[in-house]
>>> print(open('start_23.txt').read())   # compact mmCIF, C-alpha atoms
# COMPACT_ATOMS: atom_id res chain seq x y z
CA MET A 756 116.57 102.68 73.56
CA PHE A 757 118.01 101.62 76.88
CA GLN A 758 116.26 98.63 78.45
CA ALA A 759 116.08 98.84 82.23
CA ILE A 760 116.39 95.58 84.13
CA HIS A 761 113.65 95.37 86.73
CA ARG A 762 114.77 93.84 90.01
CA HIS A 763 114.19 94.58 93.65
CA PRO A 764 117.19 96.01 95.52
CA CYS A 765 118.42 93.93 98.45
CA GLY A 766 118.29 95.16 102.03
CA GLU A 767 121.92 96.27 102.07
CA GLU A 768 121.35 98.41 98.97
CA ILE A 769 118.29 100.03 100.52
CA ALA A 770 120.20 100.69 103.75
CA GLY A 771 122.99 102.31 101.73
CA HIS A 772 120.50 104.47 99.82
CA LEU A 773 118.80 105.55 103.05
CA SER A 774 122.14 106.25 104.70
CA ARG A 775 123.15 108.60 101.87
CA HIS A 776 119.82 110.43 102.17
CA PHE A 777 120.12 110.65 105.96
CA THR A 778 123.58 112.16 105.56
CA TRP A 779 122.38 114.65 102.95
CA PHE A 780 118.98 115.67 104.38
CA GLY A 781 119.07 114.38 107.94
CA PRO A 782 117.09 111.37 109.14
CA PRO A 783 113.30 111.69 109.41
CA LEU A 784 111.56 111.00 112.68
CA PHE A 785 109.32 108.38 110.99
CA ILE A 786 109.61 106.28 107.84
CA LYS A 787 106.64 104.56 106.25
CA ARG A 788 107.32 101.27 104.49
CA ASP A 789 105.48 98.26 103.21
CA ASN A 790 106.14 94.72 104.42
CA GLY A 791 108.65 93.72 101.75
CA GLY A 792 111.49 91.62 103.07
CA ASN A 793 114.07 93.95 101.57
CA LEU A 794 112.58 96.96 103.42
CA ASN A 795 112.42 95.04 106.71
CA HIS A 796 115.93 93.66 106.29
CA TRP A 797 118.31 93.64 109.30
CA ALA A 798 120.59 96.22 107.62
CA VAL A 799 117.67 98.62 107.16
CA ASN A 800 116.41 98.02 110.70
CA ASP A 801 119.90 98.56 112.16
CA LEU A 802 120.27 101.84 110.22
CA LEU A 803 116.84 103.05 111.39
CA GLU A 804 117.65 102.21 115.02
CA GLU A 805 121.09 103.84 114.79
CA ASN A 806 119.47 107.05 113.46
CA MET A 807 116.45 106.87 115.80
CA VAL A 808 113.97 106.61 112.93
CA ILE A 809 110.63 105.02 113.84
CA PRO A 810 109.54 102.43 111.22
CA ILE A 811 105.84 102.52 110.38
CA ASN A 812 104.92 99.36 108.49
CA SER A 813 101.71 99.18 106.50
CA PRO A 814 99.09 96.90 108.01
CA PHE A 815 98.52 93.71 106.01
CA ASN A 816 95.58 93.65 103.57
CA THR A 817 94.84 97.36 103.77
CA PRO A 818 95.60 98.82 100.33
CA ARG A 819 94.02 102.17 101.24
CA TYR A 820 96.76 102.72 103.83
CA ASN A 821 99.33 102.77 101.04
CA GLY A 822 97.15 104.70 98.59
CA ALA A 823 99.19 107.92 98.57
CA ILE A 824 102.47 106.10 98.10
CA GLU A 825 101.04 103.87 95.36
CA HIS A 826 99.59 106.95 93.65
CA SER A 827 102.93 108.77 93.73
CA GLN A 828 104.72 105.71 92.34
CA GLY A 829 102.13 105.63 89.55
CA GLU A 830 102.79 109.32 88.84
CA LEU A 831 106.52 108.67 88.61
CA LYS A 832 106.06 105.64 86.35
CA GLY A 833 103.66 107.62 84.14
CA TRP A 834 106.19 110.43 83.77
CA LEU A 835 108.95 107.96 82.91
CA ARG A 836 106.76 106.15 80.35
CA LYS A 837 106.55 109.41 78.37
CA TRP A 838 110.34 109.50 78.07
CA GLU A 839 111.35 105.83 78.18
CA ASP A 840 112.26 105.68 74.49
CA THR A 841 114.79 108.49 74.79
CA ALA A 842 117.17 106.91 77.34
CA THR A 843 120.15 105.27 75.68
CA SER A 844 122.20 104.57 78.82
CA LYS A 845 121.87 104.04 82.56
CA SER A 846 123.09 107.59 83.19
CA GLU A 847 120.41 109.05 80.89
CA LEU A 848 117.76 106.92 82.60
CA ALA A 849 119.01 108.13 86.01
CA LEU A 850 118.75 111.73 84.77
CA GLN A 851 115.16 111.10 83.64
CA VAL A 852 114.30 109.69 87.08
CA ASP A 853 115.82 112.76 88.75
CA ASN A 854 113.91 115.09 86.39
CA ALA A 855 110.66 113.24 87.04
CA ALA A 856 111.14 113.42 90.84
CA HIS A 857 111.99 117.12 90.59
CA ALA A 858 108.92 117.91 88.49
CA LEU A 859 106.57 115.92 90.73
CA ASN A 860 108.03 117.42 93.93
CA HIS A 861 107.25 120.90 92.58
CA ARG A 862 103.59 120.23 91.75
CA PRO A 863 101.11 121.98 94.05
CA ARG A 864 99.20 119.40 96.11
CA ARG A 865 95.75 119.76 97.61
CA SER A 866 96.83 117.63 100.59
CA LEU A 867 99.55 120.22 101.30
CA SER A 868 97.12 123.17 101.12
CA GLY A 869 98.34 124.09 97.66
CA ARG A 870 102.04 123.94 98.52
CA ASN A 871 104.40 121.57 96.80
CA ALA A 872 106.33 118.77 98.52
CA CYS A 873 109.67 120.52 98.12
CA ARG A 874 108.47 123.70 99.79
CA SER A 875 106.73 121.73 102.56
CA TYR A 876 109.84 119.70 103.30
CA PHE A 877 112.36 122.52 103.22
CA CYS A 878 110.21 125.35 104.61
CA ALA A 879 111.05 127.18 107.81
CA ASP A 880 108.05 125.80 109.75
CA ARG A 881 109.08 122.17 109.20
CA LEU A 882 109.36 120.16 112.40
CA ARG A 883 113.00 119.75 113.33
CA TYR A 884 114.35 117.80 116.26
CA THR A 885 117.79 117.92 117.86
CA ARG A 886 119.56 114.60 118.40
CA ARG A 887 118.58 114.74 122.10
CA GLN A 888 114.90 115.41 121.21
CA ARG A 889 114.96 112.60 118.62
CA LYS A 890 116.32 110.23 121.26
CA GLU A 891 113.58 111.22 123.71
CA VAL A 892 110.88 110.66 121.08
CA TYR A 893 112.46 107.41 119.90
CA ASP A 894 112.82 106.05 123.44
CA TRP A 895 109.22 106.99 124.36
CA ILE A 896 107.79 105.28 121.26
CA ARG A 897 110.13 102.27 121.53
CA ASP A 898 109.30 101.75 125.22
CA LEU A 899 105.58 101.79 124.49
CA ALA A 900 106.10 99.47 121.49
CA VAL A 901 108.09 97.03 123.65
CA ASP A 902 105.31 97.10 126.28
CA ILE A 903 102.62 96.47 123.66
CA SER A 904 104.62 93.64 122.11
CA GLU A 905 105.33 92.00 125.47
CA ARG A 906 101.66 92.19 126.48
CA SER A 907 100.75 90.39 123.27
CA GLY A 908 103.33 87.66 123.97
CA LYS A 909 105.93 88.71 121.39
CA ASN A 910 109.68 88.59 122.06
CA GLU A 911 110.48 91.45 119.69
CA ILE A 912 108.75 94.65 118.65
CA CYS A 913 106.12 93.89 116.04
CA PRO A 914 105.21 96.35 113.25
CA THR A 915 101.77 96.92 114.74
CA ALA A 916 103.30 97.97 118.06
CA TRP A 917 105.56 100.53 116.31
CA ARG A 918 102.56 101.91 114.39
CA VAL A 919 100.28 102.15 117.44
CA SER A 920 103.01 103.70 119.59
CA ALA A 921 103.91 106.28 116.95
CA ARG A 922 100.23 107.19 116.55
CA LYS A 923 99.87 107.61 120.32
CA TRP A 924 102.92 109.89 120.47
CA MET A 925 101.68 111.99 117.53
CA GLU A 926 98.21 112.30 119.08
CA LYS A 927 99.74 113.23 122.45
CA HIS A 928 101.76 116.01 120.84
CA ARG A 929 98.84 117.16 118.65
CA LEU A 930 100.62 116.42 115.39
CA ILE A 931 97.62 114.39 114.24
CA ILE A 932 93.98 114.27 115.22
CA ILE A 933 92.08 111.00 114.80
CA GLN A 934 88.39 111.61 114.15
>>> encode(input="start_23.txt", output="structure tokens")
Amino acid sequence: MFQAIHRHPCGEEIAGHLSRHFTWFGPPLFIKRDNGGNLNHWAVNDLLEENMVIPINSPFNTPRYNGAIEHSQGELKGWLRKWEDTATSKSELALQVDNAAHALNHRPRRSLSGRNACRSYFCADRLRYTRRQRKEVYDWIRDLAVDISERSGKNEICPTAWRVSARKWMEKHRLIIIQ
């Protein structure tokens, strides 16, 4: 059995991973992340800014906010536990991770009206923005986030300001409805 070494990747590694995904799939408009130092690392922040990706940090002490992500991580870990004794090398473990992600991305989800994540992400009605549109959205949200941060006496954009600004933009464009 292959024993995986559990460690947290550093910020540069995460930025590299995100960069590869942005190249392959295109950058998202928003990215949700927790408050880990490696996810809020300067290399990650620079990459997000360069690609006009709005960071949405989880509020502190609100586990419900991260519930869906925590649940999906639990699903992935559960899948891998079933097969952990069969991996004899890093490449076999990587293949198991890929198989687990594939299987979970093709499960119908109630939150997606019975569609699976893969179909929802790659379907024709997915929101797509040109680079110019992304810049307009990014600038609008960043400007509001800067204003919010300055009004609260902060010298740089705080995670709460990004989150509030992104929510305002999504409400304004009827992408979400807060009830």
>>> atom_distance(input="start_23.txt", atom1="atom CA of A:Gly766", atom2="atom CA of A:Gly792")
7.7 Å
>>> atom_distance(input="start_23.txt", atom1="atom CA of A:Ile824", atom2="atom CA of A:Asn871")
15.6 Å
>>> atom_distance(input="start_23.txt", atom1="atom CA of A:Tyr893", atom2="atom CA of A:Pro783")
11.4 Å
>>> residues_around(input="start_23.txt", residues="stretch 912-929 of chain A", least_positions_apart="6", cutoff="9 Å", atoms="all atoms listed in the file", output="list in words")
Phe785, Ile809, Pro810, Ile811, Asn812, Ser813, Pro814, Val892, Trp895, Ile896, Arg897, Asp898, Leu899, Ala900, Val901, Asp902, Ile903, Ser904 and Glu905 of chain A
>>> closest_residue(input="start_23.txt", among="A:His796, A:Leu831, A:Gly908, A:Ile786", to="A:Ala858", atoms="only C-alpha atoms")
A:Leu831
>>> residues_around(input="start_23.txt", residues="stretch 845-856 of chain A", least_positions_apart="2", cutoff="10 Å", atoms="all atoms listed in the file", output="NGL selection string")
:A and (757-759 or 827 or 830-835 or 838-843 or 858-861)
>>> decode(input="start_23.txt", residues="stretch 880-908 of chain A", atoms="C-alpha atoms", output="PDB file, in the first residue's frame")
ATOM      1  CA  ASP A 880     -26.198  28.014 -21.100  1.00  0.00           C
ATOM      2  CA  ARG A 881     -23.195  28.532 -18.802  1.00  0.00           C
ATOM      3  CA  LEU A 882     -22.362  32.175 -18.173  1.00  0.00           C
ATOM      4  CA  ARG A 883     -19.366  33.174 -20.259  1.00  0.00           C
ATOM      5  CA  TYR A 884     -17.663  36.536 -20.259  1.00  0.00           C
ATOM      6  CA  THR A 885     -15.242  38.012 -22.767  1.00  0.00           C
ATOM      7  CA  ARG A 886     -12.018  39.486 -21.412  1.00  0.00           C
ATOM      8  CA  ARG A 887     -13.509  42.985 -21.794  1.00  0.00           C
ATOM      9  CA  GLN A 888     -16.684  41.964 -19.904  1.00  0.00           C
ATOM     10  CA  ARG A 889     -14.597  40.290 -17.182  1.00  0.00           C
ATOM     11  CA  LYS A 890     -12.589  43.497 -16.789  1.00  0.00           C
ATOM     12  CA  GLU A 891     -15.773  45.570 -16.484  1.00  0.00           C
ATOM     13  CA  VAL A 892     -17.165  43.222 -13.824  1.00  0.00           C
ATOM     14  CA  TYR A 893     -13.839  43.020 -11.998  1.00  0.00           C
ATOM     15  CA  ASP A 894     -13.371  46.802 -12.007  1.00  0.00           C
ATOM     16  CA  TRP A 895     -16.949  47.433 -10.785  1.00  0.00           C
ATOM     17  CA  ILE A 896     -16.594  44.962  -7.902  1.00  0.00           C
ATOM     18  CA  ARG A 897     -13.041  46.076  -7.049  1.00  0.00           C
ATOM     19  CA  ASP A 898     -14.028  49.764  -7.018  1.00  0.00           C
ATOM     20  CA  LEU A 899     -16.912  49.067  -4.649  1.00  0.00           C
ATOM     21  CA  ALA A 900     -14.654  46.860  -2.480  1.00  0.00           C
ATOM     22  CA  VAL A 901     -12.033  49.630  -2.308  1.00  0.00           C
ATOM     23  CA  ASP A 902     -14.739  52.135  -1.318  1.00  0.00           C
ATOM     24  CA  ILE A 903     -16.097  49.817   1.392  1.00  0.00           C
ATOM     25  CA  SER A 904     -12.606  49.143   2.733  1.00  0.00           C
ATOM     26  CA  GLU A 905     -11.662  52.829   2.771  1.00  0.00           C
ATOM     27  CA  ARG A 906     -14.885  53.757   4.582  1.00  0.00           C
ATOM     28  CA  SER A 907     -14.043  51.212   7.266  1.00  0.00           C
ATOM     29  CA  GLY A 908     -10.528  52.659   7.644  1.00  0.00           C
TER      30      GLY A 908
END
